[in-house]
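S.K.: Before I ask anything, here is the structure I am working with.
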There are 12 protein chains.
Amino acid sequence: MTEHVYKQIELTGSSTQSSDDAVRVALAKASKTLRNMHWFEVTETRGHIENGQVLHWQVTIKVGLRIED
Amino acid sequence: MTEHVYKQIELTGSSTQSSDDAVRVALAKASKTLRNMHWFEVTETRGHIENGQVLHWQVTIKVGLRIED
Amino acid sequence: MTEHVYKQIELTGSSTQSSDDAVRVALAKASKTLRNMHWFEVTETRGHIENGQVLHWQVTIKVGLRIED
Amino acid sequence: MTEHVYKQIELTGSSTQSSDDAVRVALAKASKTLRNMHWFEVTETRGHIENGQVLHWQVTIKVGLRIED
Amino acid sequence: MTEHVYKQIELTGSSTQSSDDAVRVALAKASKTLRNMHWFEVTETRGHIENGQVLHWQVTIKVGLRIED
Amino acid sequence: MTEHVYKQIELTGSSTQSSDDAVRVALAKASKTLRNMHWFEVTETRGHIENGQVLHWQVTIKVGLRIED
Amino acid sequence: MTEHVYKQIELTGSSTQSSDDAVRVALAKASKTLRNMHWFEVTETRGHIENGQVLHWQVTIKVGLRIED
Amino acid sequence: MTEHVYKQIELTGSSTQSSDDAVRVALAKASKTLRNMHWFEVTETRGHIENGQVLHWQVTIKVGLRIED
Amino acid sequence: MTEHVYKQIELTGSSTQSSDDAVRVALAKASKTLRNMHWFEVTETRGHIENGQVLHWQVTIKVGLRIED
Amino acid sequence: MTEHVYKQIELTGSSTQSSDDAVRVALAKASKTLRNMHWFEVTETRGHIENGQVLHWQVTIKVGLRIED
Amino acid sequence: MTEHVYKQIELTGSSTQSSDDAVRVALAKASKTLRNMHWFEVTETRGHIENGQVLHWQVTIKVGLRIED
Amino acid sequence: MTEHVYKQIELTGSSTQSSDDAVRVALAKASKTLRNMHWFEVTETRGHIENGQVLHWQVTIKVGLRIED
C-alpha cells in the first residue's frame, strides 16, 4: 500500500511565452498518453535566440509516474 | 567593517502561480522571523502535477543572512 | 558548410521583474555588440533581497555565437 | 554478438523496512513487465519522516536493460 | 493553504549497526527539539575503520521541516 | 507549431572498434523501433579490458526524440 | 556514546588579508554564539575586485557542530 | 605530530547480502595487505540483477590510510 | 617569467567524420584569429541524428590561451 | 539603472609564492586591458611539482566584468 | 566466490593519433606491471595544441583491477 | 617519446599554518618514497576547529606521477 513504485522519464517542452510555460506545454502533451504523473523536477533551461531576443524557451524536466498495480 | 560574516540557510517555497512566485512566498514567510536577508540562489525547481497540470511549483533557495555584531 | 564553429560566452543579466526578464535584459544588451547569438543555457539564478522582497533577479546564461567565415 | 545495446530507465521504490529493501521492491514490481534487467545504480536515497521516525525509504535507481534482437 | 514553506537543515548521525541506523539516530536526536520534520535525503555516507572493520557509520542527511504559521 | 515536445531516453552501445562506433551501434539498433531521434549527448564512456587491451568500448548517450502530434 | 549527532551550518567570512583569514574570521564570529564547532569544509572561494586588486576574499564553509545531550 | 599525511585509495566490494555488507567485504579483504585504514566514504552503489532480484550489491568506497613515518 | 597568465575560452566544433575531428575543426577555425592556444579540455560531446545515423558530431572544448606581455 | 549586465571570463594565474598570489597575478595582468572587473570565483587550484616541492601554483578564476553602456 | 574485491586506479595516457588511442597507450603501459585489469571509465579528455593543431591527446581513465585471493 | 603515461594518486596533508602549507606537507612526505611527481590539483579543503579557531588545515590533492619506462 505505501510501497508504490515510480518511473521517472525526461521531457523537454518549448514555449515562446516563458520558461514556466515550457514546463506546462511538456506536461499537457505528455498527459495525452501518460497517466499518473505526480511530480517534476527542472533539470535544464535553454532557449533559442533570434535578433537578440528569446525565440522560444526549452525546459527539460524529470517527471515521476506511479506504476499502477 | 568590511569583514561581515554571513550565514546561509536553505528554504523551499511553493506557489500555484509561478516558479518566481514560489521564491517570493519563501522570502515573505521567512522575513517574519529573520532579519538581514541579503541574497538568494535557486538550487532546485520542482513541482506537483494533477491531471497533467502544474498543481504548485516548489523552489528551493539558499539565502544569505548577515550576522549582526 | 555543416561544420560551423561556435564560441560560448557567459553573461549575467538582472531585472526587477522576473527571472525570465533577466535573461532578456542580458540578450538585449549583448545584441548591441555581438552578432550571431544562437542559443543560451541558464547556469545560475540568484537575486538580491530587500525587506524580505526580491529587489532584482540575476540570471547567468551561456550564449552560443556562430563564428563567421 | 558482443555488440549488445542497453536501455537505461530510472525507477523509485519505497519500503518501510530499509533502503536496500526499497531497491528490491522497485525491481520486483518492474520485473512483472520488463525482461532482461541486468544491473542497477543507486542515484538518490530519500525518505519520509513521521514523529521523528523513518516512515518509509525512497530509493531511486537507474536500471540497465538489454535490448533483444 | 497549499503554499507551505520548508526549511532544510543538514544533520550527521552515526551508528555502529548500519548506515540506515545512522539515519534513524540522527532523526531521533533531532526530534527532541525540532517539530515538523517531513522528509530527508541522504547526501553523504562515510565511516570510521578499526582493525579492518567498520567502527561506526556516519550518514549525512538533509531534513525538510515545515515552518509553522 | 514551434512548441515541440521531446522525450529523452538513455542508451548504451558497445563496439570493439572505437568509442564513436559504440554510439553508432546504439543508434542503429534503436532506430529499428524508434522514430524521430533528433540529437544525442554522450554521458559516459567505459570499456572492458582483456590482456591489457580494450575488448570493447561502452558508450552511454541521452537521445532526444520528438513526440509526434 | 559513540553515536554523536552533528548539525552542519554554512557560513561565509570575508577578509582583506587572505582566503585562509576569511575562514578564521567566520569561525571567530560564529564562536561567540555557537559551541561545539568541530570541523569545517571550504565550499566556495570568491572575492571582490577594485582597481584590478583583491578588495576582500569571501570564503564559504560548512561547519559541523556536535549536538549536546 | 599532528601533521599526518593520508593516502586515499578506491575499492569496490560486493556482497549477496546487503549494500553495507559489500563495504565490510571490501575492508576485510583490503586489511589483509593494508595497514592503517582510518575512514571510508561511499562513492557509488550498484548491483547486478537476475530474474528481477538483486544478485549481488557492488559498493565503491574511498579509503583513507595514514602514511607511517 | 614563470608567472604566465592564461585566458580560457569555450568553443564548439562540428564534423561529419568523428568526435576527434570536431575538436580539430574548432581549433583550425579558431587559430585563424587567435594566437597562443596551448591546451584544451573536452566538456561536452553531442551530435545530431538523421535516419538513425550520426549526421554530425558537436564537441565543446575549453581552450587555454597564454596572454602575451 | 539597476539592470546591469555582466560578462564572465575565465583566467588562470600562476605564482611561486602562494595560491592567493596566483589570483592576484591573474587580476594584475588582466587589469591592464580590462576595465570594470567586479568579482571573482575560484574554480580550480592546481600546481607543478619539482623535487617534491611546489614549483608554482596555478589558480583558475571566473571574473565578472560590468558591460558599460 | 562472487564476492570479488576490486581496486580502482587512475591513469592518464597520451597519443598523437586519437583520443581512443590515448586510452590504449595507458592500458598497454600499465599491463606491463599490473594484472587483472577488468574495466575502465574515461574521466577526462584533454590535449595540447601547437600551431592550431592537436599535438597530442591526453585521456584520463579509472581502471578496475580485481584483487587476487 | 611524447606518449608518457601518468598515474594519479590522492593524498591528504595537514598543517597548523595554512591551507597552502598542508599541500607542501603532503608533497614533502610523499617525495620520500615516490619519484616523478609532476603536478597536483586540490580536490578538498577541510580543517578541525578548537575553541573557535582552526586547529589544523587538511587539504586533499590529486598528484600526477610519470610512470617510468
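Chain labels follow the order of the C-alpha cells: the first chain is A, the next B, and so on; residue numbering restarts at 1 in every chain, and ligands are counted from 1 in their shown order.
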Restrict the distance test to only C-alpha atoms, flag each residue of chain A within 10 Å of chain C, and return the flagged residues as an mmCIF file with C-alpha atoms, in the first residue's frame.
M.R.:
data_model
loop_
_atom_site.group_PDB
_atom_site.id
_atom_site.type_symbol
_atom_site.label_atom_id
_atom_site.label_comp_id
_atom_site.auth_asym_id
_atom_site.auth_seq_id
_atom_site.Cartn_x
_atom_site.Cartn_y
_atom_site.Cartn_z
ATOM 1 C CA GLN A 17 5.979 32.712 -23.739
ATOM 2 C CA SER A 18 8.093 31.834 -20.695
ATOM 3 C CA SER A 19 10.229 29.161 -19.062
ATOM 4 C CA ASP A 20 7.329 28.149 -16.802
ATOM 5 C CA GLU A 44 17.868 22.210 -17.731
ATOM 6 C CA THR A 45 16.665 25.584 -19.034
ATOM 7 C CA ARG A 46 17.800 26.576 -22.506
ATOM 8 C CA GLY A 47 16.453 28.604 -25.424
ATOM 9 C CA HIS A 48 16.974 29.779 -28.977
ATOM 10 C CA ILE A 49 17.816 33.383 -29.870
ATOM 11 C CA GLU A 50 16.830 35.406 -32.927
ATOM 12 C CA ASN A 51 17.799 39.051 -33.404
ATOM 13 C CA GLY A 52 18.893 39.293 -29.783
ATOM 14 C CA GLN A 53 15.547 38.070 -28.441
ATOM 15 C CA VAL A 54 14.358 34.780 -26.972
ATOM 16 C CA LEU A 55 12.688 32.927 -29.849
ATOM 17 C CA HIS A 56 11.476 30.133 -27.563
ATOM 18 C CA TRP A 57 12.338 28.648 -24.179
ATOM 19 C CA GLN A 58 13.273 24.955 -23.899
ATOM 20 C CA VAL A 59 12.943 23.433 -20.446
#
S.K.: Please compute the atom CA of G:His4-atom CA of E:Ile9 distance, one decimal, in Å.
M.R.: 16.7 Å
S.K.: Separation of atom CA of F:Glu10 and atom CA of F:Thr60, in Å?
M.R.: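 These two atoms are separated by 6.9 Å.
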